[in-house]
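Asker: Handing you a structure now.
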Amino acid sequence: MVEDLSGTLTLETSDSRRPITVRSVVGGTALIALLAFITPYSEYRVHSMEFFQGQIPVGALASLVVVLLPVNWFLGRFKPAWRISLPELVFMFIMAFAGIMVYHIGMMGLFLSMVSSPDYFAAPENRYAEFILPYLPPAAIPSNAHNEMAYFYTGLPPGQKIPWNVWLVPLFWWWSFFAAFLLVCCALTAILRKQWFDHEKVTFPHAEVTLALVKGSGEKGGLPEIMRSRIFWYGALIPSAFIVWNIISYFTPLWPRIRFSQVETGIAIQYFDSFHVKPDFFTIGFAYFVDTNILFSLWFFRYLVMVQDAAYRRVGVVAATRNDPWTTANALIGWECFGGLVLWTLWGLWMGRHHFRAVWQRVWDSGAGADDSNELLSYRTAVLSLVGGLLFMLVWLMYLGMAWYVATIFLAILMVLIIGITRVVAESGMPIVGAPITAQAFTMRTIGDANLSPQSFVGLSLSLAAFRMIEGYPMPMVMHSARLGDIVRGRRRALFVAIFAGSIIAMVLMSTTTIRLAYDGGAFNFGAHHAFHQMWEAYDHMVARIKDPWPREPSLLLHFAGGASFVASLLFARYRFNWSGLHPVGFFTAMTFYHSVTTLSFLITWLIKLIINKIGGMALYNRWKPFFVGLICGQVAGAVLSFVVDAIFFMGEGHDIYTMAAFGGQGW
């Protein structure tokens with residue numbers, strides 16, 4: 001193992017070069033099948049924890065912490081010859097990771113409700129029949145000619161079978177669209193990986209935790225190296241003890257419950273957004289692996305924009321601005337943060353111009369340019385995949401109804417968001433990251449509602465089935481997987497197979513499982529707001545804007561330019577004067593809800609790291625790593641335990657205790 005001062009881990013073990021076996025493919029597929037059943041079952045039937053939230057979902061970590069590592073411990077201790085090798089372990093984890101990301105809000109979760117609802121919910125009051133239904137592309141929407149969608153929401157009558165025939169064509173084309181999007185993310189990752197990790201030395205805290213967990217798994221003693229430390233188990237005990245304590249209250253209502261939900265622990269001050277004062281062990285665990293300067297920026301910029309927001313509210317600036325759905329509460333500051341994100345992303349691409357030139361040379365001459373032998377894809381394949389995938393997506397968006405220029409602007413902004421947010425995840429270690437505005441909002445505001453046809457409005461609304469909330473996009477997962485390739489030297493091509501195969505298998509299994517659950521008991525009974533209620537918000541919003549187009553607001557573009565200028569000044573100070581005290585990464589998402597509820601955790605971890613660095617330096621920092629990995633594992637194991645209890649004893653009345661997914665829910 002080689003470890004530098006940034007905390008980056010590289011493992012070179014005896015089985016790093018062992019081949020990927022059929023067993024790893026079968027094991028990864030089995031994990032996906034398990035998650036494909038448990039994820040919708042937990043959310044829609046048990047009403048328990050959400051396995052899929054965030055850029056590092058609890059379901060992915062559960063596949064490692066609760067399934068793979070215990071199995072490998074058992075094999076390493078009692079059947080050493082059957083031990084799962086390190087490449088196999090990583091391969092199976094990545095398949096599970098890719099599978100769980102498919103189910104997220106941005107893909108399978110909202111997708112089925114968006115395509116199943118417009119005809120069934122059309123009524124004179126909402127005027128869908130006038131403004132939505134005439135423009136729906138037939139291949140993208142399942143038919144309701146014989147109440148197929150009505151039964152989807154209310155359940156099938158006795159004796160009837162699931163009408164798979166009306167789903168086959170829409171599912172095929174949406175799966176194709178998702179596959180093209182995934183291919184684009186893989187291609188971007190293959191092109192960017194060397195620049196980010198090898199040249200710029202970007203640390204990826206999520207991957208660092210994964211690397212720490214797999215190191216030594218199945219070797220002598222049976223446990224991963226980090227779990228052989230008592231400090232790890234002290235850390236794991238803290239969140240799991242809270243969860244077990246509250247599980248007792250499920251059975252005994254008089255048992256005192258420790259309430260830590262975000263809503264219950266917020267402090268309200270006039271004109272200010274709520275101050276969330278709940279520490280989150282999951283976030284603290286990952287934040288420990290983040291650079292101190294970045295941690296400072298994560299809490300500093302959050303409180304800075306809160307002051308700006310309060311000032312705007314005090315003088316009435318916010319009241320004059322309309323907010324797009326699924327963006328920040330303050331549209332002006334949201335566009336300001338997005339302007340900074342766009343500038344930062346484009347600057348990063350400019351900084352990598354020499355690498356991209358070498359990539360281009362490799363595309364034209366396999367013996368020249370940058371070495372691509374250890375990338376997810378060869379550079380030639382990556383460039384062809386990127387171009388082909390984007391063209392497919394562009395044509396598909398036009399089929400949804402968007403005019404060519406609308407689809408082009410939308411797709412361009414989407415790519416900036418994907419690359420920028422992936423870099424934010426890679427730098428900041430935030431378990432869940434949102435975007436300040438959506439690609440749909442930027443497209444509509446810049447073109448202007450009055451210049452959009454009803455077909456473009458409907459196409460933009462349908463695009464929300466795939467691209468609504470950035471935390472469901474797969475590129476952070478793909479980049480995470482590419483980072484794990486450092487411990488399986490020469491095996492990144494195999495990891496691409498794990499990513500793509502895992503995602504395709506999960507698309508089929510998770511969507512068909514959800515459809516089965518809907519026809520069995522009715523999607524009306526799912527109780528999942530983000531998936532089977534928010535489609536009304538999307539269609540109602542678009543109808544309202546078709547009837548009464550919003551005017552252009554120059555103030556949004558002014559704030560966009562202001563945010564870009566602010567970040568440009570920070571970058572100038574960093575590169576011209578070598579000033580690294582205030583990293584801009586904390587600015588881009590500072591106005592988002594997910595950032596607001598994790599701010600205190602970043603502040604706490606920043607203080608902890610300051611103290612550790614002051615009194616013990618790098619030696620003490622490394623000594624306490626197991627404790628913070630333990631915090632993460634204890635949270636994951638406790639959450640899975642709560643789900644098991646709910647599934648056995650509280651069917652339909654579960655308790656969503658995973659804090660990153662239950663900000664306004666049960667809490668824990």
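Going through the structure tokens in order, the chains are called A, B, and so on, while each chain numbers its residues from 1 and the ligands are numbered from 1 in the order shown.
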What's the 8 Å shell around Leu556 in chain A, counting only C-alpha atoms, without same-chain residues fewer than 4 positions away, as number ranges by chain?

Answerer: A: 331-332, 335-336, 560

Asker: If you run DSSP on this backbone, which residues of range 252-381 of chain A come out as alpha helix (DSSP H), and could you give them as a VMD selection string?

Answerer: chain A and resid 281 to 287 292 to 315 331 to 351 353 to 364 379 to 381

Asker: Need the shell around Leu460 in chain A: protein/DNA/RNA residues with any atom at most 8 Å away, counting only C-alpha atoms. Skip same-chain ones fewer than 5 positions apart. Format as JSON, numbers by chain?

Answerer: {"A": [400, 401, 402, 440]}

Asker: I'd like to know which of A:Ala639, A:Ala439, A:Cys337, A:Ala36 is closest to Ala466 in chain A, using only C-alpha atoms.

Answerer: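 Of all the options, A:Ala439 lies closest to Ala466 in chain A.
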
Asker: Using Å and a single decimal, report how far CA of Ile333 in chain A sits from CA of Ala310 in chain A.

Answerer: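 Between these atoms lies a distance of 11.2 Å.
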
Asker: For Val290 in chain A, find every residue with an atom within 9 Å (counting only C-alpha atoms), except residues of its own chain fewer than 4 positions away, and show them as a ChimeraX atom specification.

Answerer: /A:6-7,203-205,286,294-295,427-429

Asker: Please identify all polymer residues within 12 Å of range 122-138 of chain A, counting only C-alpha atoms, omitting same-chain residues fewer than 2 positions from it, and present them as a PyMOL selection string.

Answerer: chain A and resi 114-120+140-144+149-150+166-167+169-171+173+396-402+453-463+536-547

Asker: Convert the current residue selection to file output with C-alpha atoms, as a PDB file, in the first residue's frame.

Answerer:
ATOM      1  CA  MET A 114     -44.017  10.291 -15.611  1.00  0.00           C
ATOM      2  CA  VAL A 115     -44.798   7.991 -18.532  1.00  0.00           C
ATOM      3  CA  SER A 116     -47.827   6.278 -16.954  1.00  0.00           C
ATOM      4  CA  SER A 117     -49.724   9.286 -15.630  1.00  0.00           C
ATOM      5  CA  PRO A 118     -50.711  11.926 -18.249  1.00  0.00           C
ATOM      6  CA  ASP A 119     -53.611  10.099 -19.903  1.00  0.00           C
ATOM      7  CA  TYR A 120     -54.968   8.534 -16.731  1.00  0.00           C
ATOM      8  CA  ALA A 140     -42.557   6.930 -25.199  1.00  0.00           C
ATOM      9  CA  ILE A 141     -45.911   6.583 -23.425  1.00  0.00           C
ATOM     10  CA  PRO A 142     -47.778   3.316 -22.682  1.00  0.00           C
ATOM     11  CA  SER A 143     -51.361   3.215 -23.895  1.00  0.00           C
ATOM     12  CA  ASN A 144     -54.357   3.548 -21.580  1.00  0.00           C
ATOM     13  CA  MET A 149     -52.692   2.728 -16.693  1.00  0.00           C
ATOM     14  CA  ALA A 150     -55.786   2.921 -14.505  1.00  0.00           C
ATOM     15  CA  VAL A 166     -48.433  -1.828 -23.727  1.00  0.00           C
ATOM     16  CA  TRP A 167     -45.159  -1.462 -21.824  1.00  0.00           C
ATOM     17  CA  VAL A 169     -42.156  -0.448 -26.711  1.00  0.00           C
ATOM     18  CA  PRO A 170     -41.928   2.456 -24.206  1.00  0.00           C
ATOM     19  CA  LEU A 171     -39.637   0.451 -21.945  1.00  0.00           C
ATOM     20  CA  TRP A 173     -36.935   3.078 -26.031  1.00  0.00           C
ATOM     21  CA  TRP A 396     -34.470  11.111 -28.859  1.00  0.00           C
ATOM     22  CA  LEU A 397     -35.060  14.488 -27.169  1.00  0.00           C
ATOM     23  CA  MET A 398     -36.297  15.866 -30.469  1.00  0.00           C
ATOM     24  CA  TYR A 399     -38.645  12.881 -30.713  1.00  0.00           C
ATOM     25  CA  LEU A 400     -39.990  13.782 -27.274  1.00  0.00           C
ATOM     26  CA  GLY A 401     -41.052  17.091 -28.815  1.00  0.00           C
ATOM     27  CA  MET A 402     -38.181  19.511 -28.360  1.00  0.00           C
ATOM     28  CA  SER A 453     -43.815  25.682 -28.733  1.00  0.00           C
ATOM     29  CA  PRO A 454     -46.242  23.455 -26.811  1.00  0.00           C
ATOM     30  CA  GLN A 455     -44.341  20.461 -28.236  1.00  0.00           C
ATOM     31  CA  SER A 456     -41.097  21.743 -26.678  1.00  0.00           C
ATOM     32  CA  PHE A 457     -42.825  22.288 -23.344  1.00  0.00           C
ATOM     33  CA  VAL A 458     -44.140  18.726 -23.380  1.00  0.00           C
ATOM     34  CA  GLY A 459     -40.725  17.394 -24.427  1.00  0.00           C
ATOM     35  CA  LEU A 460     -39.062  19.271 -21.568  1.00  0.00           C
ATOM     36  CA  SER A 461     -41.634  17.939 -19.118  1.00  0.00           C
ATOM     37  CA  LEU A 462     -41.085  14.362 -20.337  1.00  0.00           C
ATOM     38  CA  SER A 463     -37.331  14.839 -20.014  1.00  0.00           C
ATOM     39  CA  TRP A 536     -48.371  16.135 -11.153  1.00  0.00           C
ATOM     40  CA  GLU A 537     -46.026  18.962 -10.245  1.00  0.00           C
ATOM     41  CA  ALA A 538     -44.174  18.543 -13.547  1.00  0.00           C
ATOM     42  CA  TYR A 539     -47.198  18.427 -15.830  1.00  0.00           C
ATOM     43  CA  ASP A 540     -49.192  21.041 -13.919  1.00  0.00           C
ATOM     44  CA  HIS A 541     -46.226  23.404 -14.021  1.00  0.00           C
ATOM     45  CA  MET A 542     -45.772  23.011 -17.761  1.00  0.00           C
ATOM     46  CA  VAL A 543     -49.474  23.511 -18.483  1.00  0.00           C
ATOM     47  CA  ALA A 544     -49.460  26.682 -16.404  1.00  0.00           C
ATOM     48  CA  ARG A 545     -46.513  28.061 -18.375  1.00  0.00           C
ATOM     49  CA  ILE A 546     -48.038  27.160 -21.721  1.00  0.00           C
ATOM     50  CA  LYS A 547     -51.187  29.063 -20.764  1.00  0.00           C
TER      51      LYS A 547
END

Asker: Kindly provide the residues of range 196-266 of chain A that approach range 88-97 of chain A to within 12 Å, each paired with its closest atom pair and their distance in Å to one decimal, based on only C-alpha atoms, listed by chain and increasing number, as a Markdown table.

Answerer:
| residue | atom | partner | partner_atom | distance |
| --- | --- | --- | --- | --- |
| A:Ala207 | CA | A:Val90 | CA | 11.2 |
| A:Thr210 | CA | A:Val90 | CA | 9.1 |
| A:Leu211 | CA | A:Val90 | CA | 9.2 |
| A:Leu213 | CA | A:Val90 | CA | 10.6 |
| A:Val214 | CA | A:Leu89 | CA | 7.7 |
| A:Lys215 | CA | A:Leu89 | CA | 10.4 |
| A:Gly216 | CA | A:Leu89 | CA | 11.2 |
| A:Ser217 | CA | A:Leu89 | CA | 8.8 |
| A:Gly218 | CA | A:Leu89 | CA | 10.0 |
| A:Pro224 | CA | A:Leu89 | CA | 11.9 |

Asker: Go ahead and dump the residues you just picked, N, CA, C and O atoms, as a CSV table (one decimal), in the first residue's frame.

Answerer:
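Output contents, as saved in part_39.csv:
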chain,number,residue,atom,x,y,z
A,207,ALA,N,-14.4,7.0,-2.8
A,207,ALA,CA,-13.6,5.8,-3.2
A,207,ALA,C,-12.6,5.5,-2.1
A,207,ALA,O,-12.2,4.3,-2.0
A,210,THR,N,-14.2,3.2,0.3
A,210,THR,CA,-14.3,1.9,-0.3
A,210,THR,C,-13.0,1.1,-0.4
A,210,THR,O,-12.9,-0.1,0.0
A,211,LEU,N,-12.0,1.8,-0.7
A,211,LEU,CA,-10.6,1.2,-0.8
A,211,LEU,C,-10.2,0.7,0.6
A,211,LEU,O,-9.6,-0.3,0.8
A,213,LEU,N,-12.1,-0.2,3.0
A,213,LEU,CA,-13.0,-1.3,3.4
A,213,LEU,C,-12.5,-2.6,2.7
A,213,LEU,O,-12.7,-3.7,3.4
A,214,VAL,N,-12.1,-2.6,1.5
A,214,VAL,CA,-11.7,-3.8,0.8
A,214,VAL,C,-10.3,-4.3,1.1
A,214,VAL,O,-10.0,-5.5,0.9
A,215,LYS,N,-9.5,-3.4,1.6
A,215,LYS,CA,-8.1,-3.8,1.8
A,215,LYS,C,-7.9,-4.9,2.8
A,215,LYS,O,-8.4,-4.8,4.0
A,216,GLY,N,-7.4,-6.0,2.4
A,216,GLY,CA,-7.1,-7.1,3.3
A,216,GLY,C,-8.3,-8.1,3.5
A,216,GLY,O,-8.2,-9.0,4.3
A,217,SER,N,-9.4,-7.8,2.8
A,217,SER,CA,-10.6,-8.7,3.0
A,217,SER,C,-10.3,-10.1,2.6
A,217,SER,O,-9.8,-10.4,1.5
A,218,GLY,N,-10.6,-11.0,3.5
A,218,GLY,CA,-10.5,-12.4,3.2
A,218,GLY,C,-9.1,-13.0,3.4
A,218,GLY,O,-8.8,-14.2,3.3
A,224,PRO,N,-11.3,-7.5,6.9
A,224,PRO,CA,-10.5,-6.4,6.2
A,224,PRO,C,-9.6,-5.8,7.3
A,224,PRO,O,-10.0,-5.7,8.5

Asker: Which residue gives the smallest distance to Ser48 in chain A among A:Phe577, A:Tyr288, A:Phe526, A:Trp174, with only C-alpha atoms counted?

Answerer: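 Looking at the shortest contact to Ser48 in chain A, the residue is A:Phe526.
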
Asker: When you look at range 506-518 of chain A with a cut-off of 6 Å (counting only C-alpha atoms), what residues show up, excluding the ones that are within fewer than 5 positions of it in the same chain? I need them as JSON, numbers by chain.

Answerer: {"A": [36, 99, 152, 523]}

Asker: Can you work out which one of A:Ile447, A:Ile413, A:Leu192, A:Leu35 has the shortest atom-to-atom distance to Ala370 in chain A, counting only C-alpha atoms?

Answerer: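 Closest residue, counting only C-alpha atoms: A:Leu192.
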